[in-house]
>>> print(open('work-v5.cif').read())   # mmCIF, C-alpha atoms and all ligand atoms
data_model
#
loop_
_atom_site.label_atom_id
_atom_site.label_comp_id
_atom_site.auth_asym_id
_atom_site.auth_seq_id
_atom_site.Cartn_x
_atom_site.Cartn_y
_atom_site.Cartn_z
CA MET A 1253 -12.18 -10.06 12.95
CA SER A 1254 -13.23 -10.19 9.34
CA ALA A 1255 -12.49 -7.74 6.59
CA GLY A 1256 -12.95 -9.93 3.58
CA ALA A 1257 -14.50 -9.91 0.15
CA VAL A 1258 -15.07 -12.55 -2.48
CA LEU A 1259 -13.88 -11.83 -6.00
CA GLY A 1260 -14.75 -14.64 -8.40
CA ASP A 1261 -12.72 -17.59 -7.16
CA PHE A 1262 -10.46 -15.37 -5.05
CA GLU A 1263 -10.89 -14.48 -1.41
CA LEU A 1264 -9.59 -11.03 -0.40
CA THR A 1265 -8.77 -9.91 3.11
CA LEU A 1266 -7.59 -6.52 4.30
CA VAL A 1267 -4.95 -6.84 7.01
CA ARG A 1268 -4.23 -3.44 8.54
CA ASP A 1269 -0.77 -3.83 10.06
CA SER A 1270 -1.46 -0.81 12.27
CA ILE A 1271 -2.25 2.89 11.98
CA TYR A 1272 0.41 5.60 11.92
CA TRP A 1273 0.13 9.36 11.92
CA TRP A 1274 1.97 11.58 9.47
CA ASP A 1275 2.12 15.30 8.81
CA GLY A 1276 -1.08 16.40 7.07
CA GLY A 1277 0.70 19.05 5.03
CA ALA A 1278 3.05 16.41 3.61
CA MET A 1279 0.08 14.20 2.73
CA PHE A 1280 -1.79 16.90 0.82
CA GLY A 1281 0.98 19.01 -0.77
CA VAL A 1282 -0.31 22.35 -2.04
CA VAL A 1283 -3.90 21.79 -0.88
CA PRO A 1284 -4.80 24.26 1.94
CA LYS A 1285 -5.39 22.71 5.36
CA THR A 1286 -8.80 24.41 5.50
CA LEU A 1287 -9.85 21.99 2.74
CA TRP A 1288 -8.11 18.70 3.59
CA ASN A 1289 -8.72 18.99 7.33
CA ARG A 1290 -12.46 18.58 6.70
CA LYS A 1291 -11.86 15.20 5.09
CA LEU A 1292 -9.07 13.94 7.32
CA PRO A 1293 -8.90 15.90 10.60
CA ALA A 1294 -5.41 16.45 12.01
CA ASP A 1295 -4.31 15.96 15.63
CA GLU A 1296 -2.63 18.61 17.81
CA LEU A 1297 0.70 18.04 16.01
CA ASN A 1298 -0.93 18.39 12.57
CA ARG A 1299 -0.71 14.65 11.93
CA VAL A 1300 -3.37 12.66 10.11
CA PRO A 1301 -4.15 8.94 10.61
CA LEU A 1302 -3.00 6.50 7.93
CA GLY A 1303 -3.53 2.78 7.72
CA LEU A 1304 -0.66 0.44 6.92
CA ASN A 1305 -2.84 -1.55 4.57
CA CYS A 1306 -1.83 -5.03 3.46
CA TYR A 1307 -4.09 -7.33 1.46
CA VAL A 1308 -4.13 -11.12 1.39
CA ILE A 1309 -5.49 -12.79 -1.74
CA ARG A 1310 -6.23 -16.51 -1.57
CA THR A 1311 -6.53 -17.79 -5.11
CA GLY A 1312 -6.99 -21.48 -4.31
CA ASP A 1313 -3.47 -22.28 -5.49
CA HIS A 1314 -1.62 -19.42 -3.82
CA THR A 1315 -1.80 -17.18 -0.77
CA VAL A 1316 -0.56 -13.78 -1.88
CA LEU A 1317 0.31 -10.94 0.49
CA ILE A 1318 0.44 -7.41 -0.92
CA GLU A 1319 2.62 -5.08 1.22
CA THR A 1320 4.10 -5.87 4.62
CA GLY A 1321 3.63 -2.67 6.65
CA ALA A 1322 6.00 -1.01 9.11
CA GLY A 1323 7.59 -4.11 10.65
CA ASP A 1324 10.16 -3.93 13.42
CA LYS A 1325 12.71 -1.56 11.85
CA PRO A 1326 11.44 1.88 13.01
CA ASP A 1327 13.16 2.83 16.30
CA ALA A 1328 11.48 4.19 19.44
CA VAL A 1329 11.91 7.86 18.48
CA PHE A 1330 10.44 7.28 15.04
CA ARG A 1331 7.59 5.20 16.45
CA GLU A 1332 6.63 7.99 18.82
CA ARG A 1333 6.82 10.61 16.07
CA ALA A 1334 4.52 8.53 13.87
CA LYS A 1335 2.31 7.45 16.81
CA LEU A 1336 3.02 3.83 15.94
CA PRO A 1337 2.34 1.30 18.71
CA PRO A 1338 5.46 1.32 20.96
CA VAL A 1339 5.92 -2.43 20.47
CA PRO A 1340 5.08 -3.71 16.99
CA GLU A 1341 2.83 -6.73 16.70
CA PRO A 1342 4.50 -9.07 14.20
CA LEU A 1343 2.61 -9.06 10.90
CA PRO A 1344 2.20 -12.89 10.92
CA ALA A 1345 0.31 -12.52 14.22
CA VAL A 1346 -1.95 -9.82 12.73
CA ILE A 1347 -2.60 -12.07 9.73
CA ALA A 1348 -3.36 -15.05 11.98
CA ARG A 1349 -5.98 -12.95 13.82
CA HIS A 1350 -7.85 -12.78 10.51
CA GLY A 1351 -8.04 -16.56 10.40
CA ILE A 1352 -5.28 -16.92 7.81
CA ASP A 1353 -2.29 -19.17 8.46
CA PRO A 1354 0.73 -16.89 7.88
CA GLU A 1355 2.77 -19.97 6.98
CA SER A 1356 0.56 -20.41 3.95
CA ILE A 1357 1.80 -17.19 2.35
CA ASP A 1358 3.86 -18.21 -0.66
CA ILE A 1359 3.93 -14.90 -2.55
CA VAL A 1360 4.73 -11.41 -1.20
CA ILE A 1361 4.31 -8.36 -3.42
CA ASN A 1362 5.71 -4.89 -2.66
CA SER A 1363 4.13 -2.08 -4.71
CA HIS A 1364 7.29 -0.09 -4.03
CA LEU A 1365 10.08 -0.16 -1.46
CA HIS A 1366 9.27 2.74 0.89
CA TRP A 1367 9.57 1.70 4.55
CA ASP A 1368 5.81 1.82 5.16
CA HIS A 1369 5.16 -0.80 2.45
CA CYS A 1370 7.87 -3.41 2.97
CA SER A 1371 9.39 -3.23 6.45
CA GLY A 1372 7.59 -6.44 7.41
CA ASN A 1373 9.33 -8.33 4.56
CA THR A 1374 12.08 -9.30 6.95
CA THR A 1375 12.48 -9.61 10.71
CA ILE A 1376 15.48 -8.74 12.87
CA THR A 1377 16.58 -11.71 15.01
CA PRO A 1378 19.69 -12.39 17.11
CA LYS A 1379 20.90 -14.49 14.16
CA GLY A 1380 20.47 -11.62 11.72
CA VAL A 1381 17.77 -10.44 9.34
CA VAL A 1382 15.51 -13.29 8.18
CA PRO A 1383 12.51 -13.44 5.84
CA THR A 1384 9.27 -12.96 7.79
CA PHE A 1385 7.49 -15.36 5.44
CA PRO A 1386 9.91 -18.26 5.02
CA ARG A 1387 8.00 -20.06 2.26
CA ALA A 1388 7.44 -16.96 0.16
CA ARG A 1389 8.87 -15.66 -3.06
CA TYR A 1390 8.97 -11.86 -2.99
CA PHE A 1391 8.29 -9.52 -5.93
CA ALA A 1392 9.10 -5.80 -6.29
CA PRO A 1393 9.36 -3.29 -9.15
CA ARG A 1394 12.73 -3.30 -10.87
CA GLY A 1395 12.80 0.51 -11.09
CA GLU A 1396 12.29 0.80 -7.35
CA TRP A 1397 15.19 -1.49 -6.62
CA ALA A 1398 17.48 0.70 -8.71
CA HIS A 1399 16.21 3.95 -7.19
CA ALA A 1400 16.36 2.65 -3.61
CA HIS A 1401 20.03 1.83 -4.08
CA GLU A 1402 20.84 5.27 -5.43
CA HIS A 1403 20.27 6.51 -1.86
CA HIS A 1404 19.34 9.89 -3.24
CA ILE A 1405 19.38 12.68 -0.67
CA ARG A 1406 15.75 13.61 -1.52
CA ASP A 1407 14.18 10.35 -0.36
CA SER A 1408 16.86 7.97 0.97
CA VAL A 1409 15.20 8.28 4.39
CA ALA A 1410 12.27 6.27 3.01
CA TYR A 1411 14.41 3.24 2.15
CA ILE A 1412 15.84 0.58 4.49
CA ASP A 1413 18.16 -1.89 2.75
CA ALA A 1414 17.49 -4.61 5.35
CA ASN A 1415 13.92 -4.85 4.02
CA TYR A 1416 15.04 -6.29 0.69
CA ASP A 1417 18.80 -6.77 0.31
CA PRO A 1418 18.86 -10.02 2.34
CA LEU A 1419 16.01 -11.36 0.18
CA MET A 1420 17.93 -10.62 -2.99
CA GLU A 1421 21.08 -12.22 -1.55
CA SER A 1422 19.19 -15.43 -0.77
CA GLY A 1423 17.53 -15.53 -4.20
CA ARG A 1424 14.00 -14.98 -2.88
CA LEU A 1425 13.34 -11.58 -4.47
CA THR A 1426 12.33 -11.22 -8.10
CA LEU A 1427 12.33 -7.79 -9.75
CA VAL A 1428 9.52 -7.19 -12.22
CA ASP A 1429 8.58 -4.86 -15.06
CA ASP A 1430 5.28 -3.35 -16.19
CA GLY A 1431 2.54 -5.92 -16.74
CA ALA A 1432 4.30 -8.79 -14.95
CA VAL A 1433 2.08 -11.76 -14.12
CA ILE A 1434 2.92 -12.87 -10.58
CA VAL A 1435 0.50 -15.81 -10.43
CA PRO A 1436 -2.42 -16.46 -12.79
CA GLY A 1437 -4.80 -13.49 -12.47
CA ILE A 1438 -2.48 -11.25 -10.44
CA ARG A 1439 -0.41 -8.62 -12.20
CA MET A 1440 1.75 -5.59 -11.38
CA HIS A 1441 1.50 -2.43 -13.48
CA SER A 1442 3.75 0.60 -13.69
CA ALA A 1443 2.03 3.64 -12.11
CA PRO A 1444 4.63 6.44 -11.92
CA GLY A 1445 4.28 9.72 -10.04
CA HIS A 1446 4.73 9.00 -6.33
CA ASN A 1447 8.08 7.85 -7.60
CA ARG A 1448 9.27 6.40 -10.88
CA GLY A 1449 9.04 2.72 -10.00
CA ILE A 1450 5.78 2.35 -8.03
CA MET A 1451 3.28 -0.22 -9.32
CA VAL A 1452 -0.38 -0.97 -8.68
CA VAL A 1453 -1.53 -4.57 -8.37
CA THR A 1454 -4.59 -6.07 -10.06
CA ALA A 1455 -6.28 -9.37 -9.30
CA GLU A 1456 -8.82 -10.77 -11.77
CA SER A 1457 -11.08 -13.75 -11.36
CA ARG A 1458 -14.22 -14.66 -13.30
CA GLY A 1459 -14.52 -11.22 -14.85
CA GLU A 1460 -14.18 -9.33 -11.57
CA THR A 1461 -11.19 -7.14 -10.75
CA PHE A 1462 -9.60 -5.91 -7.54
CA CYS A 1463 -6.99 -3.13 -7.73
CA PHE A 1464 -4.58 -2.24 -4.95
CA LEU A 1465 -3.89 1.43 -5.59
CA SER A 1466 -1.01 1.83 -3.13
CA ASP A 1467 0.23 5.44 -2.90
CA VAL A 1468 -1.30 6.33 -6.27
CA VAL A 1469 -4.42 6.93 -4.16
CA PRO A 1470 -3.39 6.80 -0.48
CA GLY A 1471 -6.97 7.04 0.76
CA SER A 1472 -10.49 8.20 0.11
CA ALA A 1473 -9.43 11.77 0.96
CA HIS A 1474 -7.12 11.59 -2.07
CA LEU A 1475 -9.69 10.80 -4.76
CA GLN A 1476 -9.48 14.31 -6.17
CA PRO A 1477 -6.80 13.97 -8.85
CA THR A 1478 -4.98 17.19 -7.91
CA TRP A 1479 -4.71 16.37 -4.18
CA ILE A 1480 -1.19 15.03 -4.51
CA PRO A 1481 1.09 14.47 -1.49
CA ALA A 1482 4.20 16.63 -1.18
CA PHE A 1483 6.19 13.38 -1.12
CA ASP A 1484 5.44 12.66 -4.74
CA LEU A 1485 8.55 13.12 -6.86
CA PHE A 1486 6.63 13.70 -10.12
CA PRO A 1487 3.33 15.40 -9.21
CA LEU A 1488 2.10 16.00 -12.76
CA GLU A 1489 2.56 12.31 -13.53
CA SER A 1490 0.81 11.49 -10.27
CA ILE A 1491 -2.26 13.40 -11.45
CA ASP A 1492 -2.29 11.58 -14.80
CA THR A 1493 -1.64 8.15 -13.27
CA ARG A 1494 -4.30 8.62 -10.61
CA THR A 1495 -6.85 9.79 -13.16
CA LYS A 1496 -6.07 6.84 -15.44
CA TRP A 1497 -6.45 4.14 -12.78
CA LEU A 1498 -9.48 5.68 -11.09
CA THR A 1499 -11.20 6.06 -14.48
CA ARG A 1500 -10.60 2.37 -15.24
CA ALA A 1501 -11.78 1.37 -11.78
CA MET A 1502 -14.95 3.43 -12.18
CA GLU A 1503 -15.77 2.36 -15.72
CA GLN A 1504 -15.22 -1.33 -15.03
CA ASN A 1505 -16.70 -1.34 -11.52
CA TRP A 1506 -13.52 -2.65 -9.90
CA LEU A 1507 -13.16 -3.28 -6.21
CA CYS A 1508 -10.31 -1.11 -4.92
CA GLY A 1509 -7.97 -1.04 -1.95
CA PHE A 1510 -6.16 2.13 -0.87
CA GLY A 1511 -2.59 2.15 0.41
CA HIS A 1512 -3.32 4.09 3.59
CA ASP A 1513 -7.01 4.66 4.26
CA HIS A 1514 -7.37 4.00 8.00
CA GLN A 1515 -11.08 3.17 7.84
CA ILE A 1516 -12.06 1.86 4.42
CA ASP A 1517 -11.19 -1.73 3.60
CA PHE A 1518 -12.65 -1.91 0.08
CA ALA A 1519 -14.26 0.66 -2.20
CA ARG A 1520 -15.98 1.06 -5.53
CA ILE A 1521 -15.15 4.25 -7.41
CA LEU A 1522 -17.98 6.49 -8.57
CA PRO A 1523 -18.09 9.78 -10.48
CA ASP A 1524 -18.45 13.01 -8.54
CA PRO A 1525 -19.37 16.31 -10.18
CA LYS A 1526 -17.12 18.36 -7.89
CA THR A 1527 -14.13 16.14 -7.15
CA HIS A 1528 -14.18 13.87 -10.27
CA PHE A 1529 -14.27 10.69 -8.18
CA CYS A 1530 -15.76 9.51 -4.92
CA ALA A 1531 -15.80 6.16 -3.14
CA ARG A 1532 -18.55 3.84 -2.01
CA ALA A 1533 -16.90 2.14 0.90
CA TRP A 1534 -17.29 -1.25 2.39
CA ASN A 1535 -15.50 -2.49 5.46
CA SER A 1536 -15.75 -4.96 8.27
CA VAL A 1537 -18.34 -2.99 10.21
CA GLU A 1538 -20.54 -1.80 7.35
CA SER A 1539 -21.69 -3.71 4.35
CA GLY A 1540 -23.41 -2.79 1.12
CA LEU A 1541 -20.98 -3.01 -1.78
ZN ZN A 1601 3.03 4.70 1.54
#
>>> encode(input="work-v5.cif", output="structure tokens")
Amino acid sequence: MSAGAVLGDFELTLVRDSIYWWDGGAMFGVVPKTLWNRKLPADELNRVPLGLNCYVIRTGDHTVLIETGAGDKPDAVFRERAKLPPVPEPLPAVIARHGIDPESIDIVINSHLHWDHCSGNTTITPKGVVPTFPRARYFAPRGEWAHAHEHHIRDSVAYIDANYDPLMESGRLTLVDDGAVIVPGIRMHSAPGHNRGIMVVTAESRGETFCFLSDVVPGSAHLQPTWIPAFDLFPLESIDTRTKWLTRAMEQNWLCGFGHDHQIDFARILPDPKTHFCARAWNSVESGL
């Protein structure tokens, strides 16, 4: 299975941890179903398919994993509700199927700390919670760390302390601020709206740029700046943040990765007279970037 792209000296691979299904109304906020259902058809329980998209970037010096998917924390009831596979395949095994040695991962980046982006950071074992990637240093936004530990009634359900607290206790987790350079060429940037702390990740090599858009643009059905999920805590900021990053991506011909598109691995962003932006997609079964 191959879902890779070359970016200057970097090699990029999409690793889709699995697909889960979530309420379509929650994913599209105030947008009427008659509109969003044409782009992302819902199942009989009004759920739409979402990829748990992780990206591996091999820079030559480092193997960087962005996001770690749903992991082993969701229980059976939750897994059924989200139509997750009943038994999770460990993320290292999914990565290995792409021809990448999971042991080689030395950097893990979380764009934010919601369960669907970092539950594979750690693994539950009889001996306790251990890092899934034993050689790795982990990086997450400082603002997210603070907000996650507020356990606010509005969104505490999205946070699982076992995904990051043990990493902090063992000194493996570094909290970062806007513009942080993780390794040469790879940076995290503040992108508020979905929540206050979320960051997008850019990778630059030889004048080419990849941008992981995370939940700033969950998928190609969310390219219209006003199609903001009901989850987003600050929807007006979401519109501004999305417009800013998609405009940059379009003007500079970046390669982009969406947080949750279940079909598109990589995309270029193009203008669209009706919806502002559209995507030219490229994935493992089609080509033509
Ligand atoms: Zn998400």
>>> residues_near_ligand(input="work-v5.cif", ligand="ligand ZN 1601 (chain A)", cutoff="6 Å", atoms="all atoms listed in the file", output="VMD selection string")
chain A and resid 1368 to 1369 1467
>>> closest_residue(input="work-v5.cif", among="A:Ser1356, A:Thr1320, A:Thr1454, A:Asn1305", to="Tyr1390 (chain A)", atoms="only C-alpha atoms")
A:Thr1320
>>> atom_distance(input="work-v5.cif", atom1="CA of Gly1459 (chain A)", atom2="CA of Glu1503 (chain A)")
13.7 Å
>>> closest_residue(input="work-v5.cif", among="A:Arg1394, A:Arg1387, A:His1528, A:Lys1285", to="Leu1427 (chain A)", atoms="all atoms listed in the file")
A:Arg1394
>>> closest_residue(input="work-v5.cif", among="A:Asp1261, A:Asp1524, A:Asp1429, A:Glu1402", to="Thr1499 (chain A)", atoms="only C-alpha atoms")
A:Asp1524
>>> residues_around(input="work-v5.cif", residues="Ala1345 (chain A)", least_positions_apart="6", cutoff="10 Å", atoms="only C-alpha atoms", output="mmCIF file with C-alpha atoms, keeping the file's coordinate frame")
data_model
loop_
_atom_site.group_PDB
_atom_site.id
_atom_site.type_symbol
_atom_site.label_atom_id
_atom_site.label_comp_id
_atom_site.auth_asym_id
_atom_site.auth_seq_id
_atom_site.Cartn_x
_atom_site.Cartn_y
_atom_site.Cartn_z
ATOM 1 C CA ASP A 1269 -0.770 -3.830 10.060
ATOM 2 C CA ILE A 1352 -5.280 -16.920 7.810
ATOM 3 C CA ASP A 1353 -2.290 -19.170 8.460
ATOM 4 C CA PRO A 1354 0.730 -16.890 7.880
#
>>> build_atoms(input="work-v5.cif", residues="region 1346-1368 of chain A", atoms="N, CA and C atoms", output="short mmCIF file (atom, residue, chain, number, x, y, z; two decimals), in the frame of the given file")
data_model
loop_
_atom_site.label_atom_id
_atom_site.label_comp_id
_atom_site.auth_asym_id
_atom_site.auth_seq_id
_atom_site.Cartn_x
_atom_site.Cartn_y
_atom_site.Cartn_z
N VAL A 1346 -0.78 -10.60 13.18
CA VAL A 1346 -1.95 -9.82 12.73
C VAL A 1346 -2.71 -10.63 11.68
N ILE A 1347 -1.97 -11.25 10.78
CA ILE A 1347 -2.60 -12.07 9.73
C ILE A 1347 -3.35 -13.25 10.35
N ALA A 1348 -2.73 -13.88 11.33
CA ALA A 1348 -3.36 -15.05 11.98
C ALA A 1348 -4.67 -14.64 12.65
N ARG A 1349 -4.74 -13.41 13.18
CA ARG A 1349 -5.98 -12.95 13.82
C ARG A 1349 -7.14 -12.86 12.83
N HIS A 1350 -6.81 -12.79 11.55
CA HIS A 1350 -7.85 -12.78 10.51
C HIS A 1350 -8.21 -14.18 10.04
N GLY A 1351 -7.70 -15.19 10.74
CA GLY A 1351 -8.04 -16.56 10.40
C GLY A 1351 -7.24 -17.10 9.22
N ILE A 1352 -6.13 -16.45 8.93
CA ILE A 1352 -5.28 -16.92 7.81
C ILE A 1352 -3.97 -17.42 8.39
N ASP A 1353 -3.56 -18.61 7.98
CA ASP A 1353 -2.29 -19.17 8.46
C ASP A 1353 -1.14 -18.41 7.77
N PRO A 1354 -0.35 -17.66 8.53
CA PRO A 1354 0.73 -16.89 7.88
C PRO A 1354 1.75 -17.78 7.16
N GLU A 1355 1.84 -19.02 7.63
CA GLU A 1355 2.77 -19.97 6.98
C GLU A 1355 2.32 -20.31 5.56
N SER A 1356 1.06 -20.06 5.28
CA SER A 1356 0.56 -20.41 3.95
C SER A 1356 0.94 -19.37 2.89
N ILE A 1357 1.48 -18.24 3.32
CA ILE A 1357 1.80 -17.19 2.35
C ILE A 1357 2.99 -17.63 1.50
N ASP A 1358 2.78 -17.76 0.22
CA ASP A 1358 3.86 -18.21 -0.66
C ASP A 1358 4.30 -17.13 -1.65
N ILE A 1359 3.56 -16.01 -1.68
CA ILE A 1359 3.93 -14.90 -2.55
C ILE A 1359 3.79 -13.61 -1.76
N VAL A 1360 4.81 -12.75 -1.79
CA VAL A 1360 4.73 -11.41 -1.20
C VAL A 1360 5.02 -10.40 -2.30
N ILE A 1361 4.14 -9.41 -2.41
CA ILE A 1361 4.31 -8.36 -3.42
C ILE A 1361 4.52 -7.02 -2.71
N ASN A 1362 5.53 -6.27 -3.12
CA ASN A 1362 5.71 -4.89 -2.66
C ASN A 1362 5.40 -3.96 -3.83
N SER A 1363 4.45 -3.02 -3.62
CA SER A 1363 4.13 -2.08 -4.71
C SER A 1363 5.31 -1.15 -4.98
N HIS A 1364 6.03 -0.81 -3.93
CA HIS A 1364 7.29 -0.09 -4.03
C HIS A 1364 8.05 -0.34 -2.74
N LEU A 1365 9.22 0.27 -2.56
CA LEU A 1365 10.08 -0.16 -1.46
C LEU A 1365 10.20 0.87 -0.34
N HIS A 1366 9.28 1.83 -0.26
CA HIS A 1366 9.27 2.74 0.89
C HIS A 1366 9.03 1.93 2.17
N TRP A 1367 9.59 2.43 3.27
CA TRP A 1367 9.57 1.70 4.55
C TRP A 1367 8.17 1.27 4.97
N ASP A 1368 7.16 2.10 4.65
CA ASP A 1368 5.81 1.82 5.16
C ASP A 1368 5.09 0.77 4.30
#
